[in-house]
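Notes to accompany the following structure.
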Amino acid sequence: MQSESRIPDSLRQVWLVARREISGRVLTRSVVLGTAALVVLLAGYLILQGAVFDRSSTTRIGLVGQAIGLETGLESDAQALGIAVNLSQVSTVTEGTDQVRDGQLDVLVSGAIDTLQVTVADHLDDRLRVALNSLVRNQALDAQLAEAGIRPSDVDGVLAKAGIRQVIQLQASDPQRTRHLAVGLVMVILLGCSLAGFGILAVRGVVEDKVGGVVEGLLAVVRPAQLFAGRLIGLGLVGLAQLLGVGLIGLLVAVVTGVAGTVGGAGAILGVLGIGLAWFALGFGLYATVLVAVASLISRPEDVGRVSTPVAVVGVVVFVLGVALLVRSPGGMVTAVLSVLPPFAPVLLPGRLALGAVPGWQLGLAVPLMVLSIGALGWVSARIYRNSLLRDESPVRLRDVLR
Amino acid sequence: MAEVALEVEGISKRYGEIVALRELSLAVRPGEIFGLVGDAGAGKTTALRIIAGLVPADDGEVHWRSRPESPAAGARLGYLPQRRGLHPRMKLLDHLVYLAELHGLSTNTAHRNAQLWVDRLGLRPYRTEQIRNLSEDNKRRTQLAAAMVHEPDGVVLDEPFAELSAPDLELLANVLRDKAQFGSTVLFASADAELAERVCDRVLMIHGGQALADGTVDELRGRCPVTLVVDVAEAEPDWAAEIPGSRVRERTGSRAVLELDQETDAQAVLAIAQAAGPVVEFCRRQPSLAELYRHVVMAGSDSP
């Protein structure tokens, strides 16, 4: 009879602790400011992205003098190279230069074919340089061929047939890869910020409890494991809510600025957000569990750094390495292996998932590994937490509390 | 034998090299106020933490109402820790409701009890204040309410008198007497023997993690030498020096403070005094609990 009434009681206690954590956190300054900062960062990025996307989607080229003769060739060559161009004629070089300076034109092409001059604001697109160079070379070649008595059109016919016969593609191509990578990176960065922010809150909560003396009174009512679980659940839920809120605001901004359309639409972004939320839960489970345990080791607030720095260093290394791997080699072997392993998985795996490059078995390996690690670390951490809470040394030695 | 509400059997606890508690036993009846008196480092806090179920004992057992102590039984206990602390940003009433709910009370009962204790301790005007904005006195009252809000059968208080103002001391004593009157068991620890003496029915004296003596204050007095204050005008200065079974503890003018062995008859001393001169003062002085403690500790350190 007694055991029947104990189980729901115990869960109710965990929920009560979690609920207090939520009501005590949701409207605190750190959470509100953190959320605002994330929203501003995300919205700023998206608006910038939208603006850059608009401007850079077509290259505006002005032609002046003899260069006007290049118009047809340039248009077809640019098209072949995948550059969208908008060609216009300008009456004088001075006028064209002014337009480039004012940003009305991206490129001004002037001069005769053999002394072709290009004016740009800061740099010339490499593909455009190739297009212009080949145009000039072709004209020079044509002139040489004509001198040698060969008809340029005959040579053109031969040249048109010469080239790569077949491309063997080993992997399916993702024409949108760069854009998917951008969305993935945004999500990974948000995830990193949330994990770091809520990790700090978890540490602060434990330290406040212990240093403030709240914990001893609570331990007369609830078991350390319940307190431990309640705190993490409450804080984790606030973190999820924040990430969801920021993500939805980001989605709204993405739709309004038109960025959403370029990355597969609102549905794709929602999918990425869902991946982010799921991995926040797993990542928070892993990192906060460890942080709570180390935070319980100290009895003076000024010792927080001494115990939490190692965890923070691991977090930063994982994050920086994770982002670097995602950018440099999202499909590489090292990335794949690390993304399955627990400390890296919360950053790398959601990033790879956003790119759509994760075989099912890797996910099937990573998630159970993550859950197992959380379970194992949780067991050790709960032990450290239980044995440290009522000790006054600062920091408590690990071997004293691992017994 | 009367029913025992709390029985502690030979609990011991070591922290590394330090022995915090050595085979401590005690029994408290329902309705009794029991004081654990000892100096700093005597092991009081460790004993209370074990009794309240916060830390496990290395050895020995704790039974509340002859049932082994378990977390579920903790729901029936009220605990006031030595290091006080409440969530600073929670509102007073919300905090009490939260604790009452944690103790397993329904939300309604939790609210009713919290209101009751807020009224009882004069905290009504501050019930919507955040804990951090309360005065120190009100924080201490809230802490007391926090230990009582679920109407526990047993109350364990660690240094409850520390830093209390005179009116709050009275308030606390009344609350504890009330609890005891309705059959609850009250166990507290204090380094302040004078204050403990005013509140408790029975005392256990503890020093260096070991129990030295226990009983009612009167019983403990019975085990101590009797102190007599005798003032004999115009007597020789050393009139009392040779009385068998007695020692002169103090002398100021013609006034002497004598310490008598248990078996020494005070009437015989009176006869000797009268023979020495006119007796202007003759009284038996009750040793305070603090004096008893000093005596017991000294006696304990004499024996091997």
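In the structure tokens, chains take letters A, B, ... by order of appearance, with residues numbered from 1 within each chain and ligands from 1 in the order shown.
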
- Message: If the cut-off is 9 Å, can you tell me the residues of chain B near chain A, counting only C-alpha atoms? I'd like them as number ranges by chain.
- Response: B: 16, 49, 52-55, 71-72, 74-75, 77-90, 98-99, 101-104, 146-147

- Would you kindly return, as a list in words, each protein, DNA or RNA residue with an atom no farther than 10 Å from any atom of Thr59 of chain A, considering only C-alpha atoms and excluding same-chain residues fewer than 2 positions away? Arg55, Ser56, Ser57, Ile61, Gly62, Ala78, Ile83, Ala84, Val85, Asn86, Leu87, Leu105, Asp106, Val107, Asp125 and Leu128 of chain A

Keeping only N, CA, C and O atoms, take the residues you just selected and write them out as a compact mmCIF listing (two decimals), in the first residue's frame.
```
# COMPACT_ATOMS: atom_id res chain seq x y z
N ARG A 55 21.04 41.43 -53.70
CA ARG A 55 22.01 42.22 -54.43
C ARG A 55 22.93 41.35 -55.28
O ARG A 55 23.26 41.68 -56.40
N SER A 56 23.30 40.23 -54.72
CA SER A 56 24.31 39.45 -55.39
C SER A 56 23.71 38.45 -56.38
O SER A 56 24.45 37.78 -57.09
N SER A 57 22.39 38.39 -56.46
CA SER A 57 21.82 37.37 -57.32
C SER A 57 22.08 37.69 -58.80
O SER A 57 22.28 36.78 -59.59
N ILE A 61 26.28 44.69 -65.25
CA ILE A 61 27.50 45.03 -66.00
C ILE A 61 27.20 46.16 -66.99
O ILE A 61 26.22 46.11 -67.74
N GLY A 62 28.00 47.19 -66.95
CA GLY A 62 27.86 48.29 -67.90
C GLY A 62 28.94 48.19 -68.96
O GLY A 62 30.10 47.87 -68.66
N ALA A 78 28.47 34.10 -69.76
CA ALA A 78 28.11 34.22 -68.34
C ALA A 78 27.05 33.19 -67.99
O ALA A 78 27.11 32.54 -66.95
N ILE A 83 26.40 32.57 -64.10
CA ILE A 83 26.28 33.91 -63.50
C ILE A 83 25.11 34.62 -64.15
O ILE A 83 25.02 34.69 -65.38
N ALA A 84 24.21 35.12 -63.32
CA ALA A 84 23.10 35.90 -63.87
C ALA A 84 23.62 37.31 -64.09
O ALA A 84 24.13 37.94 -63.15
N VAL A 85 23.55 37.79 -65.31
CA VAL A 85 24.05 39.14 -65.58
C VAL A 85 22.96 40.02 -66.16
O VAL A 85 22.01 39.55 -66.77
N ASN A 86 23.09 41.29 -65.91
CA ASN A 86 22.18 42.27 -66.45
C ASN A 86 23.07 43.29 -67.17
O ASN A 86 23.81 44.04 -66.55
N LEU A 87 23.04 43.26 -68.51
CA LEU A 87 23.96 44.10 -69.28
C LEU A 87 23.29 45.41 -69.70
O LEU A 87 22.12 45.44 -70.04
N LEU A 105 26.06 50.02 -60.64
CA LEU A 105 26.64 48.98 -61.50
C LEU A 105 27.63 48.18 -60.65
O LEU A 105 28.24 48.72 -59.73
N ASP A 106 27.76 46.87 -60.97
CA ASP A 106 28.77 46.09 -60.27
C ASP A 106 30.08 46.11 -61.05
O ASP A 106 31.15 46.11 -60.46
N VAL A 107 29.94 46.11 -62.36
CA VAL A 107 31.14 46.01 -63.21
C VAL A 107 30.98 46.97 -64.40
O VAL A 107 29.90 47.07 -64.97
N ASP A 125 34.51 39.27 -59.72
CA ASP A 125 34.09 37.87 -59.60
C ASP A 125 34.96 36.98 -60.49
O ASP A 125 35.18 37.30 -61.65
N LEU A 128 33.46 35.75 -63.66
CA LEU A 128 33.30 36.80 -64.65
C LEU A 128 34.65 37.09 -65.33
O LEU A 128 34.73 37.32 -66.54
```

- Message: Taking only segment 85-294 of chain B into account, list the residues labelled strand (DSSP E) by DSSP (computed from the backbone), as number ranges by chain.
- Response: B: 154-158, 185-190, 202-207, 210-216, 226-232, 246-252, 255-260, 279-285

- Message: Need the shell around Phe228 of chain A: protein/DNA/RNA residues with any atom at most 8 Å away, counting only C-alpha atoms. Skip same-chain ones fewer than 5 positions apart. Format as an NGL selection string?
- Response: :A and (292 or 382 or 385)

Same residues, N, CA, C and O atoms, output as a compact mmCIF listing (two decimals), in the first residue's frame:
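See part03.txt below for the written result:
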```
# COMPACT_ATOMS: atom_id res chain seq x y z
N VAL A 292 25.94 20.33 -13.28
CA VAL A 292 25.29 20.34 -11.97
C VAL A 292 26.16 19.62 -10.94
O VAL A 292 26.34 20.08 -9.82
N ALA A 382 24.62 12.31 -10.08
CA ALA A 382 23.66 12.33 -8.98
C ALA A 382 24.35 11.91 -7.68
O ALA A 382 24.07 12.42 -6.60
N TYR A 385 26.54 14.82 -6.60
CA TYR A 385 25.62 15.87 -6.11
C TYR A 385 25.13 15.52 -4.71
O TYR A 385 25.20 16.32 -3.79
```

- Item | Test item: residues at most 8 Å from Ser299 of chain A, only C-alpha atoms, excluding those fewer than 2 positions along its chain, as a PyMOL selection string | chain A and resi 207+210-211+296-297+301+303+391-395

- Task: Per DSSP on the backbone, filter segment 36-137 of chain B down to the residues in alpha helix (DSSP H) and report them as a VMD selection string.
- Result: chain B and resid 44 to 51 92 to 102 107 to 120 136 to 137

- Non-local contacts of segment 112-124 of chain B (10 Å; only C-alpha atoms; under 2 positions in same chain excluded) as an MDAnalysis selection string: chainID B and resid 92:100 105:110 126:128 134 138:139 141:142 144:146 148:151 168 171:172 175

- Task: For Ile113 of chain A, please output as a PyMOL selection string all residues within 7 Å (counting only C-alpha atoms; exclusion window: fewer than 3 positions along the same chain).
- Result: chain A and resi 67+116+136

Store the residues picked out above, limited to all heavy atoms, as a JSON list (two decimals), in the first residue's frame.
```
[["chain", "number", "residue", "atom", "x", "y", "z"],
["A", 67, "ALA", "N", 33.74, 48.08, -76.16],
["A", 67, "ALA", "CA", 33.37, 46.91, -75.36],
["A", 67, "ALA", "C", 31.92, 46.49, -75.59],
["A", 67, "ALA", "O", 31.54, 45.35, -75.32],
["A", 67, "ALA", "CB", 33.60, 47.18, -73.87],
["A", 116, "LEU", "N", 41.40, 45.77, -73.03],
["A", 116, "LEU", "CA", 40.14, 45.78, -72.27],
["A", 116, "LEU", "C", 40.39, 46.17, -70.81],
["A", 116, "LEU", "O", 41.34, 45.73, -70.17],
["A", 116, "LEU", "CB", 39.51, 44.38, -72.33],
["A", 116, "LEU", "CG", 38.01, 44.33, -72.05],
["A", 116, "LEU", "CD1", 37.25, 45.05, -73.17],
["A", 116, "LEU", "CD2", 37.55, 42.90, -71.93],
["A", 136, "VAL", "N", 38.05, 37.59, -74.81],
["A", 136, "VAL", "CA", 39.15, 38.32, -75.43],
["A", 136, "VAL", "C", 40.06, 37.36, -76.18],
["A", 136, "VAL", "O", 40.47, 37.61, -77.31],
["A", 136, "VAL", "CB", 39.93, 39.09, -74.35],
["A", 136, "VAL", "CG1", 41.17, 39.74, -74.97],
["A", 136, "VAL", "CG2", 39.05, 40.14, -73.72]]
```

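Compared by their closest atoms to Thr45 of chain B, and using only C-alpha atoms, the residues B:Ala189, B:Ile131, B:Leu26, B:Ile272 rank with B:Ala189 nearest.
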
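Considering the residues A:Glu95, A:Glu302, A:Leu201, A:Ala268 and counting only C-alpha atoms, Arg29 of chain A has its shortest atom-to-atom contact with A:Leu201.
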
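Shell of Leu377 of chain A at 7 Å, with only C-alpha atoms counted and residues fewer than 4 places along the chain excluded, is Thr289, Val290, Ser373 and Ser381 of chain A.
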
Selection to disk with C-alpha atoms, as a compact mmCIF listing (two decimals), in the first residue's frame:
```
# COMPACT_ATOMS: atom_id res chain seq x y z
CA THR A 289 24.18 16.81 -15.89
CA VAL A 290 27.93 17.18 -15.65
CA SER A 373 25.94 8.47 -21.83
CA SER A 381 26.62 13.05 -11.23
```
